[in-house]
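Down below is the structure, laid out as structure tokens.
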Amino acid sequence: MLGTALVAVPAEARKKKKAEEVEKPVPGTLIDNIEGLSPDGKGGIEHFDGFLIAPDGHVAEVYHEGEKRPKYADYRLDGEGQVVVPGMIDAHTHVMMLGFSKLTLDLSQAHSLDEALARIAAWTAAHPEAPWILGTGWNEVEWGLGRLPTAAELDNVTGGKPAWLTRVDAHGGWANTAALEAAGITAKTKAPKGGRIVRTASGAPEGVLVDAAAKLVEAKLPAPRPEDRDAALAEAQLDFLRNGVTAVADMGTSIEDWQAFRRAGDTGRLRVRIVSYADSIANMELIGGPGPSAWVYDDRLRLSGVKLFLDGALGSRGAWLKEPYADDPETRGLPLLSQTQLSNMMSRAALDHFQVAVHAIGDEANAVVLDALDELSSTYTGDRRWRIEHAQILAPADITRFAAHGTIASMQPQHEASDRTMAEARLGPARLSGAYAWKSLANAGATLAFGSDTPVEPARPFTGMAVAVTRQGADGQPFGGWQPQETISREAALSAYTTGAAYAMFAEDRLGRIAKGYRADFLFVDKDPMTVSPEALRDLTVKETWIGGQQAWAAEESAKSEDALRPEEDIEDGQKGR
Ligand SMILES: [Zn+2]
């Protein structure tokens, strides 16, 4: 088995050897006898077989084959030929949503409505103390339901308690009758701007609330306590660590989220590096004050800017398209901000050098952001790193516009595999060439930053890499890949999860590579991600995750301790509960 125990070299031996060989012992930890690989920062991959970590957690030196290394470091770790890669960076996550999804009902593994209802019933029985039944992860498309689920269906399994279950894409939720009543939603209730109340033929609310309409129920939810948030953050970090994610961009940080990050930092519980994008201009100002915050807690936390939403998601037909939906000619989606509002918010952020990340999924939404950038870039000059989040559906003519102002395409390969058939239905065949167009964007000079959008997709960067190089799902479908001209190389995919993601968060000088001067964030993995088959890449196993030169997680040790940490209800046991 792997032997990554650090071996301290006794001071006596060091002294003796030193006298014999006149070699000065070096402080720090030597990671030796590995198959190391890292993006070289120029688009290629550098191979090496050892590196030295300074006591402050930076990489002090990288050693290539045959290169002389210090014989006597404070600690030496024999990697026994294992593969070591940089810590992965997830460029688009929702940290607290991920954490809460682990603490509440997870419907992402329910493959039918019946299965979902059984899980909800089991959870309800197992949590008699919960005032609300909360959960996430359902997807009626995956269930093959052909319609949305209803409040009445939920009423049967929720024992009269209010229930609110957000859809997998977080662009809407499913309420039961008690929740609709708690929110005062009746046949007479008008949907708020940017939202939709799904109704029965008679106009009564049917159960699902889309986009802004979800706020009607969400305003009534009991607020999580600070200790609930701390527990959620711990869960999220655990999930990142076991998947080899050492740094993330948090898209939409609230004040409460930021305070949870700060509490974790203050008490040494912040392990994963978080770069925050505030959930509003107001919170951006409140957190950052006169500008982006400093890096704190040894480069573990920073507020970089703000996340804005221009449109919704494709699944719920909230994405703003240039032409009507192929499967609903009545609508082309909706903008959540007017062009003036968008420009004003972007200006306000850019004025104080906050970084701007705009959620844009539909081709019209993307075009409007690119227009805004054309307009703002003459005023707000310099290194801005404007980010478009998702950039999912692009008009071919807009792809070439990304490079103009150094715009970053922050994209999520796993969405392509999960959503391709839905995208075909929503868009029809003619608009697919600009969908998830990674290769075209890279060719046009855009920087690709890859992420998961977790909890929408699991934060599994190697799964994302496998999709990026194949355009296929876990089932190997479709044969030859979907729109295969948009596959990218392994080097490009690895870079998008490391150096590209680091660049997108103004961290390319410290994160994303195993190189001298960089933070020593790295992984021991079971196979070489550059050479294994795509199937093996998809399931690449992380054995150890190191952050800042310290082991933050190890598969071997976690098995026991994680079970003890997390008393999860046993879904397999069905109704039994705890
Ligand atoms: Zn997101």
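Residue numbering restarts at 1 for every chain of the structure tokens, chains are lettered A, B, ... in their displayed order, and ligands are numbered from 1 as they appear.
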
Would you list the residues that come within 9 Å of ligand 1? Count only C-alpha atoms and all ligand atoms and give the answer as a PDB file with N, CA, C and O atoms, in the first residue's frame.
```pdb
ATOM      1  N   HIS A  92     -16.133  27.381 -10.526  1.00  0.00           N
ATOM      2  CA  HIS A  92     -17.521  27.834 -10.323  1.00  0.00           C
ATOM      3  C   HIS A  92     -18.219  26.874  -9.370  1.00  0.00           C
ATOM      4  O   HIS A  92     -18.609  25.766  -9.750  1.00  0.00           O
ATOM      5  N   THR A  93     -18.362  27.295  -8.130  1.00  0.00           N
ATOM      6  CA  THR A  93     -19.034  26.455  -7.139  1.00  0.00           C
ATOM      7  C   THR A  93     -19.991  27.308  -6.311  1.00  0.00           C
ATOM      8  O   THR A  93     -19.940  28.541  -6.352  1.00  0.00           O
ATOM      9  N   HIS A  94     -20.835  26.610  -5.580  1.00  0.00           N
ATOM     10  CA  HIS A  94     -21.687  27.254  -4.585  1.00  0.00           C
ATOM     11  C   HIS A  94     -21.404  26.520  -3.279  1.00  0.00           C
ATOM     12  O   HIS A  94     -22.012  25.482  -2.994  1.00  0.00           O
ATOM     13  N   ASP A 169     -30.881  22.335 -10.995  1.00  0.00           N
ATOM     14  CA  ASP A 169     -30.175  23.508 -11.519  1.00  0.00           C
ATOM     15  C   ASP A 169     -30.366  24.748 -10.644  1.00  0.00           C
ATOM     16  O   ASP A 169     -29.901  25.824 -10.995  1.00  0.00           O
ATOM     17  N   ALA A 170     -31.058  24.596  -9.516  1.00  0.00           N
ATOM     18  CA  ALA A 170     -31.288  25.686  -8.565  1.00  0.00           C
ATOM     19  C   ALA A 170     -32.120  26.817  -9.156  1.00  0.00           C
ATOM     20  O   ALA A 170     -32.279  27.861  -8.535  1.00  0.00           O
ATOM     21  N   ASP A 250     -16.253  30.801  -5.194  1.00  0.00           N
ATOM     22  CA  ASP A 250     -17.611  30.715  -4.650  1.00  0.00           C
ATOM     23  C   ASP A 250     -18.461  31.769  -5.341  1.00  0.00           C
ATOM     24  O   ASP A 250     -18.234  32.962  -5.180  1.00  0.00           O
ATOM     25  N   MET A 251     -19.448  31.304  -6.098  1.00  0.00           N
ATOM     26  CA  MET A 251     -20.229  32.206  -6.936  1.00  0.00           C
ATOM     27  C   MET A 251     -21.501  32.647  -6.225  1.00  0.00           C
ATOM     28  O   MET A 251     -22.534  31.978  -6.286  1.00  0.00           O
ATOM     29  N   GLY A 252     -21.418  33.784  -5.568  1.00  0.00           N
ATOM     30  CA  GLY A 252     -22.603  34.312  -4.908  1.00  0.00           C
ATOM     31  C   GLY A 252     -22.498  34.212  -3.399  1.00  0.00           C
ATOM     32  O   GLY A 252     -23.348  33.621  -2.735  1.00  0.00           O
ATOM     33  N   HIS A 359     -23.394  35.657 -14.914  1.00  0.00           N
ATOM     34  CA  HIS A 359     -24.050  34.425 -15.354  1.00  0.00           C
ATOM     35  C   HIS A 359     -24.804  34.709 -16.656  1.00  0.00           C
ATOM     36  O   HIS A 359     -25.709  35.539 -16.676  1.00  0.00           O
ATOM     37  N   GLU A 389     -19.969  33.510 -16.766  1.00  0.00           N
ATOM     38  CA  GLU A 389     -20.205  32.218 -16.140  1.00  0.00           C
ATOM     39  C   GLU A 389     -21.158  31.397 -16.998  1.00  0.00           C
ATOM     40  O   GLU A 389     -22.241  31.862 -17.342  1.00  0.00           O
ATOM     41  N   HIS A 390     -20.741  30.228 -17.362  1.00  0.00           N
ATOM     42  CA  HIS A 390     -21.442  29.229 -18.170  1.00  0.00           C
ATOM     43  C   HIS A 390     -21.196  29.425 -19.673  1.00  0.00           C
ATOM     44  O   HIS A 390     -20.743  28.519 -20.324  1.00  0.00           O
ATOM     45  N   SER A 452     -17.483  23.012 -11.805  1.00  0.00           N
ATOM     46  CA  SER A 452     -18.544  22.007 -11.734  1.00  0.00           C
ATOM     47  C   SER A 452     -19.928  22.611 -11.559  1.00  0.00           C
ATOM     48  O   SER A 452     -20.923  21.977 -11.849  1.00  0.00           O
ATOM     49  N   ASP A 453     -19.983  23.861 -11.024  1.00  0.00           N
ATOM     50  CA  ASP A 453     -21.266  24.425 -10.609  1.00  0.00           C
ATOM     51  C   ASP A 453     -21.881  23.592  -9.481  1.00  0.00           C
ATOM     52  O   ASP A 453     -23.091  23.554  -9.310  1.00  0.00           O
ATOM     53  N   THR A 454     -21.038  22.906  -8.724  1.00  0.00           N
ATOM     54  CA  THR A 454     -21.560  22.085  -7.643  1.00  0.00           C
ATOM     55  C   THR A 454     -22.390  22.947  -6.698  1.00  0.00           C
ATOM     56  O   THR A 454     -22.026  24.105  -6.477  1.00  0.00           O
ATOM     57  N   PRO A 455     -23.536  22.492  -6.184  1.00  0.00           N
ATOM     58  CA  PRO A 455     -24.039  21.116  -6.204  1.00  0.00           C
ATOM     59  C   PRO A 455     -24.865  20.729  -7.426  1.00  0.00           C
ATOM     60  O   PRO A 455     -25.482  19.663  -7.420  1.00  0.00           O
ATOM     61  N   VAL A 456     -24.873  21.559  -8.475  1.00  0.00           N
ATOM     62  CA  VAL A 456     -25.612  21.160  -9.679  1.00  0.00           C
ATOM     63  C   VAL A 456     -24.992  19.894 -10.271  1.00  0.00           C
ATOM     64  O   VAL A 456     -25.681  18.972 -10.679  1.00  0.00           O
TER      65      VAL A 456
END
```

Write out as a PyMOL selection string all residues of stretch 126-174 of chain A that DSSP puts in strand (DSSP E or B) for this structure's backbone.
-> chain A and resi 133-138+163-167+172-174

How many Å lie between atom CA of A:Arg510 and atom CA of A:Leu270, rounded to one decimal?
-> 17.7 Å

Those in stretch 420-548 of chain A with alpha helix (DSSP H) from DSSP, as a PyMOL selection string | chain A and resi 420-427+438-443+461-470+490-496+499-504+534-538

Can you list, as an NGL selection string, every protein, DNA or RNA residue that comes within 9 Å of A:Gly159 when you count only C-alpha atoms, leaving out same-chain residues fewer than 6 positions away?
-> :A and (121 or 124-125)

Just write the chosen residues, N, CA and C atoms, as a PDB file, in the first residue's frame.
```pdb
ATOM      1  N   ALA A 121     -40.163  10.469   1.898  1.00  0.00           N
ATOM      2  CA  ALA A 121     -40.891   9.851   3.016  1.00  0.00           C
ATOM      3  C   ALA A 121     -39.920   9.357   4.086  1.00  0.00           C
ATOM      4  N   THR A 124     -38.408  12.319   5.943  1.00  0.00           N
ATOM      5  CA  THR A 124     -39.405  12.931   6.830  1.00  0.00           C
ATOM      6  C   THR A 124     -39.540  12.110   8.112  1.00  0.00           C
ATOM      7  N   ALA A 125     -39.575  10.791   7.952  1.00  0.00           N
ATOM      8  CA  ALA A 125     -39.705   9.923   9.122  1.00  0.00           C
ATOM      9  C   ALA A 125     -38.471  10.005  10.006  1.00  0.00           C
TER      10      ALA A 125
END
```

Tell me which protein, DNA and RNA residues are within 10 Å of A:Arg387, counting only C-alpha atoms, leaving out same-chain ones fewer than 5 positions away, and put them as a PyMOL selection string.
-> chain A and resi 307+355-360+369+402+406-410+447+449+504-505

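Within 8 Å of stretch 53-62 of chain A, once only C-alpha atoms are used and residues closer than 5 positions along the same chain are dropped, the contacting residues are A:Pro27, A:Gly28, A:Thr29, A:Leu30, A:Ile31, A:Phe48, A:Ile514, A:Ala515, A:Lys516, A:Gly517, A:Tyr518, A:Arg519, A:Ala520, A:Gly548, A:Gly549, A:Gln550.
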
Between A:Val296, A:Ala178, A:Leu148, A:Ala116, single out the one closest to A:Gly160, counting only C-alpha atoms.
-> A:Ala178

Neighbour list for A:Ala204 as a compact mmCIF listing (two decimals) with all heavy atoms, in the first residue's frame, cut-off 9 Å, only C-alpha atoms, skip fewer than 3 positions in-chain:
```txt
# COMPACT_ATOMS: atom_id res chain seq x y z
N ILE A 185 -49.27 31.72 -1.37
CA ILE A 185 -49.43 31.65 -2.83
C ILE A 185 -50.77 30.98 -3.16
O ILE A 185 -51.03 29.84 -2.76
CB ILE A 185 -48.28 30.86 -3.48
CG1 ILE A 185 -46.95 31.52 -3.16
CG2 ILE A 185 -48.47 30.76 -4.99
CD1 ILE A 185 -45.73 30.72 -3.59
N THR A 186 -51.62 31.71 -3.87
CA THR A 186 -52.92 31.19 -4.28
C THR A 186 -53.08 31.40 -5.79
O THR A 186 -52.17 31.91 -6.44
CB THR A 186 -54.06 31.95 -3.56
OG1 THR A 186 -54.04 33.31 -4.04
CG2 THR A 186 -53.88 31.95 -2.05
N ALA A 187 -54.25 31.06 -6.28
CA ALA A 187 -54.53 31.26 -7.70
C ALA A 187 -54.43 32.74 -8.06
O ALA A 187 -54.16 33.09 -9.21
CB ALA A 187 -55.92 30.73 -8.03
N LYS A 188 -54.63 33.61 -7.07
CA LYS A 188 -54.61 35.05 -7.35
C LYS A 188 -53.21 35.65 -7.34
O LYS A 188 -53.00 36.78 -7.77
CB LYS A 188 -55.46 35.77 -6.30
CG LYS A 188 -56.95 35.51 -6.45
CD LYS A 188 -57.75 36.43 -5.54
CE LYS A 188 -59.19 35.97 -5.45
NZ LYS A 188 -59.59 35.69 -4.06
N VAL A 198 -45.93 27.78 -11.71
CA VAL A 198 -46.54 26.75 -12.57
C VAL A 198 -47.95 26.51 -12.03
O VAL A 198 -48.15 26.34 -10.82
CB VAL A 198 -45.70 25.46 -12.57
CG1 VAL A 198 -46.37 24.38 -13.40
CG2 VAL A 198 -44.31 25.76 -13.11
N ARG A 199 -48.94 26.52 -12.93
CA ARG A 199 -50.34 26.47 -12.49
C ARG A 199 -51.09 25.31 -13.14
O ARG A 199 -50.74 24.85 -14.22
CB ARG A 199 -51.05 27.78 -12.87
CG ARG A 199 -50.48 29.00 -12.16
CD ARG A 199 -51.13 30.29 -12.69
NE ARG A 199 -50.37 31.47 -12.31
CZ ARG A 199 -50.51 32.11 -11.15
NH1 ARG A 199 -51.39 31.70 -10.26
NH2 ARG A 199 -49.77 33.18 -10.87
N THR A 200 -52.18 24.92 -12.47
CA THR A 200 -53.09 23.93 -13.06
C THR A 200 -53.98 24.65 -14.06
O THR A 200 -53.94 25.88 -14.17
CB THR A 200 -54.00 23.31 -11.99
OG1 THR A 200 -54.80 24.37 -11.42
CG2 THR A 200 -53.19 22.69 -10.86
N ALA A 201 -54.80 23.87 -14.77
CA ALA A 201 -55.69 24.46 -15.77
C ALA A 201 -56.58 25.53 -15.15
O ALA A 201 -56.92 26.54 -15.79
CB ALA A 201 -56.54 23.36 -16.42
```

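The list of residues with at least one atom within 8 Å of A:Leu134, based on only C-alpha atoms and without residues fewer than 3 positions apart in the same chain, reads Thr104, Leu105, Ala163, Trp164 and Leu165 of chain A.
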
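In this comparison, which uses only C-alpha atoms, the residue of A:Arg384, A:Arg332, A:Arg471, A:Lys527 approaching A:Phe354 most closely is A:Arg384.
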
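Put simply, atom CA of A:Pro226 is 25.1 Å away from atom CA of A:Val168.
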
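Counting only C-alpha atoms, the residue from A:Ala372, A:Leu103, A:Leu180, A:Ala282 that sits nearest to A:Gln339 is A:Ala372.
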
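Atom CA of A:Phe506 sits 12.1 Å away from atom CA of A:Ile274.
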